[in-house]
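Student: Sharing a structure, written as structure tokens. Questions coming.
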Amino acid sequence: MNRVSWKNWLIVGCLGVVGLSSCTEPGEALRDRKRRENEAEIAQYVAQNNLTGQARTTDAGTTYIITTTNPTGQTAGVGDEIQYHYTARRFDGLIVDSSDVAANIPRVLTRGYFNQALISAGLYDGIVNSGPVVSGTNRLGLRKGESAMLLVPFNLDNGRPNTLLLPQYLPIRYDVRIVNVRTEEQQIQEYLTANKLTPTFSETNGLRVVVTQARPDSVQVTTGKTVGVSYRGSLLNGVVFDPANNPTGTNTISVQIGANQVVPGFDQGLAKLRKGEKARLIFPSALGYGITGSGATIRPYASLVFDVEITSVQ
């Protein structure tokens, strides 16, 4: 006779005898009880749909079943961009949300940066923490071209409000497909190609400088000199972050080159120019705001673009 743990017995008893909602442990908080009930509902859903042999669970509690594999697909490292489509539905099959599949406009996340205003914890967890374990406890996550079913308890769904369509404590199913995975370098290369830009200078640290107006006979910007700069800063997707209140305008700044007054990519890009020259500086997050980002617009691991003009050199 197989031994059955008291936890498994409790789940079976709750499901088969008195129902999920009436099985309560003494002193148990509502959220704890609902989370435990969700775990039982997910286990029941897996069993009823003959998914037991395929289902795995992340450390955070997301149950996942990989439905389409692509062993040669690109995996996302920390800082890489993941484009994905998803459909969210209740366990009874009712669809409650989805990405814009018809127009093929995928959602985007960055591995290593979780923002609950942009993606639910369970959906993020399922995308980046599914798959085989590598490097100790880290997981590969879903590869480009792979699909998965994610079964998420309510507590990993950002404490959603209670609605008739999706009650607060209901578990949810996400069917997700990874459309693309891009490193920062790939994003920059695609940006250059899409905008038909050929760098005048390309540095090994990822900095690109595209000179758009040359002044070969004017004074060179060098370390220690103070330069006046007119500039506009944007992301690779074209969203302008500076000047924030005037996306079509520019700001001006005075910068002493090499004095760490600005982010490294901006400083190093200016040092490639001469007075009167105009250029576009493109550089990865390692030369910008890195893993922390800046403000609401510049997220962690964001590559940056600056259109600059050197107005003075002293």
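Ordered as shown in the structure tokens, chains take letters A, B, and onward, while each chain numbers its residues from 1 and ligands are numbered from 1 in the order shown.
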Show which residues sit within 7 Å of Gly126 (chain A), as a ChimeraX atom specification. Count only C-alpha atoms, and ignore same-chain residues fewer than 5 positions away.

Tutor: /A:62,64,150

Student: Do a neighbour search on region 119-123 of chain A at 7 Å with only C-alpha atoms, toss out local chain neighbours closer than 5 positions, and write the hits as a compact mmCIF listing (two decimals) with C-alpha atoms, in the first residue's frame.

Tutor:
# COMPACT_ATOMS: atom_id res chain seq x y z
CA THR A 62 3.99 28.56 -11.54
CA VAL A 152 -0.80 30.48 -12.25
CA LEU A 156 1.26 35.37 -8.65
CA ASP A 157 -1.20 37.40 -10.72
CA ASN A 158 -0.50 40.81 -9.13

Student: Hey, what's within 7 Å of region 281-298 of chain A if we count only C-alpha atoms and toss same-chain stuff fewer than 6 positions away? As a list in words, please?

Tutor: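 Selected residues are Glu184, Gly206, Leu207, Arg208, Val209, Val210, Phe241, Val263, Pro264, Gly265, Gly269, Leu304, Val305, Phe306 and Asp307 of chain A.
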
Student: Got a sec to tell me which of region 130-234 of chain A DSSP assigns to alpha helix (DSSP H), as JSON, numbers by chain?

Tutor: {"A": [184, 185, 186, 187, 188, 189, 190, 191, 192, 193, 194]}

Student: Write the residues you've just listed into a file as a short mmCIF file (atom, residue, chain, number, x, y, z; two decimals), in the first residue's frame, and include all heavy atoms for each of them.

Tutor:
data_model
loop_
_atom_site.label_atom_id
_atom_site.label_comp_id
_atom_site.auth_asym_id
_atom_site.auth_seq_id
_atom_site.Cartn_x
_atom_site.Cartn_y
_atom_site.Cartn_z
N GLU A 184 21.08 42.97 -26.45
CA GLU A 184 21.22 44.40 -26.72
C GLU A 184 21.98 44.65 -28.02
O GLU A 184 21.64 45.54 -28.79
CB GLU A 184 21.93 45.10 -25.56
CG GLU A 184 21.03 45.49 -24.42
CD GLU A 184 21.68 46.52 -23.53
OE1 GLU A 184 21.76 47.71 -23.92
OE2 GLU A 184 22.14 46.14 -22.43
N GLU A 185 23.02 43.85 -28.25
CA GLU A 185 23.80 44.00 -29.48
C GLU A 185 22.93 43.75 -30.70
O GLU A 185 23.00 44.51 -31.69
CB GLU A 185 24.99 43.04 -29.47
CG GLU A 185 25.84 43.06 -30.73
CD GLU A 185 26.51 44.40 -31.01
OE1 GLU A 185 26.69 45.20 -30.06
OE2 GLU A 185 26.84 44.65 -32.18
N GLN A 186 22.09 42.74 -30.65
CA GLN A 186 21.18 42.48 -31.77
C GLN A 186 20.18 43.62 -31.95
O GLN A 186 19.86 44.00 -33.09
CB GLN A 186 20.45 41.16 -31.54
CG GLN A 186 21.34 39.94 -31.69
CD GLN A 186 20.64 38.65 -31.28
OE1 GLN A 186 19.86 38.64 -30.31
NE2 GLN A 186 20.90 37.57 -31.99
N GLN A 187 19.69 44.17 -30.85
CA GLN A 187 18.76 45.29 -30.94
C GLN A 187 19.42 46.49 -31.61
O GLN A 187 18.81 47.16 -32.45
CB GLN A 187 18.27 45.67 -29.55
CG GLN A 187 17.42 44.60 -28.87
CD GLN A 187 17.10 44.96 -27.43
OE1 GLN A 187 16.58 46.04 -27.15
NE2 GLN A 187 17.43 44.07 -26.51
N ILE A 188 20.66 46.77 -31.24
CA ILE A 188 21.36 47.91 -31.83
C ILE A 188 21.64 47.68 -33.31
O ILE A 188 21.45 48.58 -34.14
CB ILE A 188 22.68 48.19 -31.06
CG1 ILE A 188 22.35 48.74 -29.67
CG2 ILE A 188 23.56 49.17 -31.82
CD1 ILE A 188 23.56 48.92 -28.77
N GLN A 189 22.06 46.46 -33.65
CA GLN A 189 22.32 46.15 -35.06
C GLN A 189 21.05 46.30 -35.89
O GLN A 189 21.09 46.85 -37.01
CB GLN A 189 22.88 44.73 -35.19
CG GLN A 189 24.31 44.56 -34.70
CD GLN A 189 25.32 45.21 -35.65
OE1 GLN A 189 24.99 45.76 -36.69
NE2 GLN A 189 26.59 45.16 -35.25
N GLU A 190 19.93 45.83 -35.37
CA GLU A 190 18.67 45.96 -36.10
C GLU A 190 18.24 47.42 -36.21
O GLU A 190 17.67 47.84 -37.23
CB GLU A 190 17.58 45.13 -35.42
CG GLU A 190 17.81 43.62 -35.56
CD GLU A 190 16.72 42.79 -34.93
OE1 GLU A 190 15.62 43.33 -34.67
OE2 GLU A 190 16.96 41.60 -34.67
N TYR A 191 18.52 48.21 -35.17
CA TYR A 191 18.23 49.64 -35.22
C TYR A 191 19.04 50.32 -36.32
O TYR A 191 18.50 51.12 -37.10
CB TYR A 191 18.54 50.28 -33.86
CG TYR A 191 18.45 51.78 -33.85
CD1 TYR A 191 17.23 52.42 -33.62
CD2 TYR A 191 19.57 52.58 -34.06
CE1 TYR A 191 17.13 53.80 -33.62
CE2 TYR A 191 19.49 53.95 -34.06
CZ TYR A 191 18.27 54.56 -33.84
OH TYR A 191 18.19 55.94 -33.84
N LEU A 192 20.31 50.00 -36.41
CA LEU A 192 21.17 50.59 -37.44
C LEU A 192 20.68 50.21 -38.84
O LEU A 192 20.61 51.05 -39.74
CB LEU A 192 22.61 50.13 -37.25
CG LEU A 192 23.34 50.64 -36.00
CD1 LEU A 192 24.67 49.91 -35.83
CD2 LEU A 192 23.56 52.14 -36.07
N THR A 193 20.32 48.94 -39.00
CA THR A 193 19.84 48.48 -40.30
C THR A 193 18.52 49.15 -40.68
O THR A 193 18.36 49.62 -41.81
CB THR A 193 19.67 46.95 -40.29
OG1 THR A 193 20.93 46.34 -40.01
CG2 THR A 193 19.15 46.45 -41.62
N ALA A 194 17.59 49.20 -39.74
CA ALA A 194 16.28 49.77 -40.01
C ALA A 194 16.36 51.25 -40.35
O ALA A 194 15.57 51.76 -41.16
CB ALA A 194 15.36 49.57 -38.80
#

Student: Find, counting only C-alpha atoms, the residue in A:Ala76, A:Leu164, A:Val308, A:Ile172 that gets nearest to Gly233 (chain A).

Tutor: A:Val308

Student: Apply DSSP to the backbone of this structure and, from region 150-193 of chain A, keep only the residues in strand (DSSP E or B); write these as a PyMOL selection string.

Tutor: chain A and resi 150-152+172-182

Student: Closest to Leu236 (chain A) among A:Ile178, A:Arg274, A:Ser303, A:Thr222, using only C-alpha atoms?

Tutor: A:Ser303

Student: Which residue out of A:Lys225, A:Arg90, A:Arg280, A:His85 has the minimum interatomic distance to Ser147 (chain A) when only C-alpha atoms are used?

Tutor: A:His85

Student: Considering only C-alpha atoms, state which residue in the set A:Arg232, A:Gly93, A:Thr110, A:Lys275 is at the smallest distance from Asn245 (chain A).

Tutor: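 Closest to Asn245 (chain A), using only C-alpha atoms: A:Arg232.
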
Student: In Å, how far is it from CA of Val96 (chain A) to CA of Gly131 (chain A)?

Tutor: 26.2 Å

Student: Write out as a PDB file with all heavy atoms, in the first residue's frame which residues come within 9 Å of Tyr113 (chain A) when counting only C-alpha atoms, dropping same-chain ones fewer than 5 positions away.

Tutor:
ATOM      1  N   VAL A  78      20.275  37.409 -19.042  1.00  0.00           N
ATOM      2  CA  VAL A  78      19.890  38.591 -18.276  1.00  0.00           C
ATOM      3  C   VAL A  78      20.136  39.840 -19.126  1.00  0.00           C
ATOM      4  O   VAL A  78      21.207  40.016 -19.707  1.00  0.00           O
ATOM      5  CB  VAL A  78      20.685  38.680 -16.966  1.00  0.00           C
ATOM      6  CG1 VAL A  78      20.389  39.992 -16.246  1.00  0.00           C
ATOM      7  CG2 VAL A  78      20.350  37.498 -16.068  1.00  0.00           C
ATOM      8  N   GLY A  79      19.130  40.685 -19.219  1.00  0.00           N
ATOM      9  CA  GLY A  79      19.231  41.903 -20.008  1.00  0.00           C
ATOM     10  C   GLY A  79      18.722  41.763 -21.417  1.00  0.00           C
ATOM     11  O   GLY A  79      18.569  42.769 -22.124  1.00  0.00           O
ATOM     12  N   ILE A 291      21.811  48.441 -15.058  1.00  0.00           N
ATOM     13  CA  ILE A 291      20.786  47.538 -14.547  1.00  0.00           C
ATOM     14  C   ILE A 291      19.732  48.251 -13.698  1.00  0.00           C
ATOM     15  O   ILE A 291      18.764  47.622 -13.269  1.00  0.00           O
ATOM     16  CB  ILE A 291      21.419  46.403 -13.714  1.00  0.00           C
ATOM     17  CG1 ILE A 291      22.091  46.962 -12.459  1.00  0.00           C
ATOM     18  CG2 ILE A 291      22.415  45.610 -14.543  1.00  0.00           C
ATOM     19  CD1 ILE A 291      22.622  45.877 -11.526  1.00  0.00           C
ATOM     20  N   ARG A 299      14.253  52.155 -18.766  1.00  0.00           N
ATOM     21  CA  ARG A 299      14.199  50.955 -17.955  1.00  0.00           C
ATOM     22  C   ARG A 299      15.581  50.313 -17.857  1.00  0.00           C
ATOM     23  O   ARG A 299      16.469  50.619 -18.649  1.00  0.00           O
ATOM     24  CB  ARG A 299      13.199  49.968 -18.562  1.00  0.00           C
ATOM     25  CG  ARG A 299      11.778  50.513 -18.579  1.00  0.00           C
ATOM     26  CD  ARG A 299      10.850  49.602 -19.328  1.00  0.00           C
ATOM     27  NE  ARG A 299       9.505  50.175 -19.425  1.00  0.00           N
ATOM     28  CZ  ARG A 299       8.536  49.696 -20.195  1.00  0.00           C
ATOM     29  NH1 ARG A 299       8.772  48.605 -20.918  1.00  0.00           N
ATOM     30  NH2 ARG A 299       7.345  50.274 -20.229  1.00  0.00           N
ATOM     31  N   PRO A 300      15.762  49.425 -16.900  1.00  0.00           N
ATOM     32  CA  PRO A 300      17.035  48.700 -16.825  1.00  0.00           C
ATOM     33  C   PRO A 300      17.354  47.996 -18.146  1.00  0.00           C
ATOM     34  O   PRO A 300      16.458  47.527 -18.842  1.00  0.00           O
ATOM     35  CB  PRO A 300      16.786  47.691 -15.699  1.00  0.00           C
ATOM     36  CG  PRO A 300      15.773  48.356 -14.832  1.00  0.00           C
ATOM     37  CD  PRO A 300      14.868  49.090 -15.773  1.00  0.00           C
ATOM     38  N   TYR A 301      18.620  47.949 -18.479  1.00  0.00           N
ATOM     39  CA  TYR A 301      19.139  47.287 -19.679  1.00  0.00           C
ATOM     40  C   TYR A 301      18.695  47.973 -20.971  1.00  0.00           C
ATOM     41  O   TYR A 301      18.662  47.336 -22.029  1.00  0.00           O
ATOM     42  CB  TYR A 301      18.734  45.805 -19.710  1.00  0.00           C
ATOM     43  CG  TYR A 301      19.126  45.039 -18.471  1.00  0.00           C
ATOM     44  CD1 TYR A 301      18.171  44.682 -17.519  1.00  0.00           C
ATOM     45  CD2 TYR A 301      20.446  44.676 -18.239  1.00  0.00           C
ATOM     46  CE1 TYR A 301      18.514  43.982 -16.377  1.00  0.00           C
ATOM     47  CE2 TYR A 301      20.809  43.979 -17.091  1.00  0.00           C
ATOM     48  CZ  TYR A 301      19.844  43.637 -16.166  1.00  0.00           C
ATOM     49  OH  TYR A 301      20.186  42.950 -15.038  1.00  0.00           O
TER      50      TYR A 301
END

Student: I need the residue nearest Ile310 (chain A) from this list: A:Ala102, A:Ile65, A:Val227, A:Ala88. Use only C-alpha atoms for the distance.

Tutor: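 Checking each of A:Ala102, A:Ile65, A:Val227, A:Ala88 against Ile310 (chain A), counting only C-alpha atoms, the winner is A:Val227.
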
Student: Asn38 (chain A): which residues within 8 Å, counting only C-alpha atoms, same-chain residues fewer than 3 positions away excluded, as a ChimeraX atom specification?

Tutor: /A:34-35,41-42,153-154,169-171

Student: In Å, how far is it from CA of Ala43 (chain A) to CA of Thr57 (chain A)?

Tutor: 10.7 Å

Student: Write out as a PyMOL selection string each polymer residue whose atoms come within 9 Å of Asp100 (chain A), counting only C-alpha atoms; drop sequence neighbours fewer than 5 positions from it.

Tutor: chain A and resi 85-86+105-107

Student: What's around Gln168 (chain A) at 8 Å? Count only C-alpha atoms, leave out sequence neighbours fewer than 3 positions away in its own chain, and write the answer as a list in words.

Tutor: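 Once the adjacent positions are removed, what remains is Phe154, Gly159, Arg160, Pro161, Asn162 and Thr163 of chain A.
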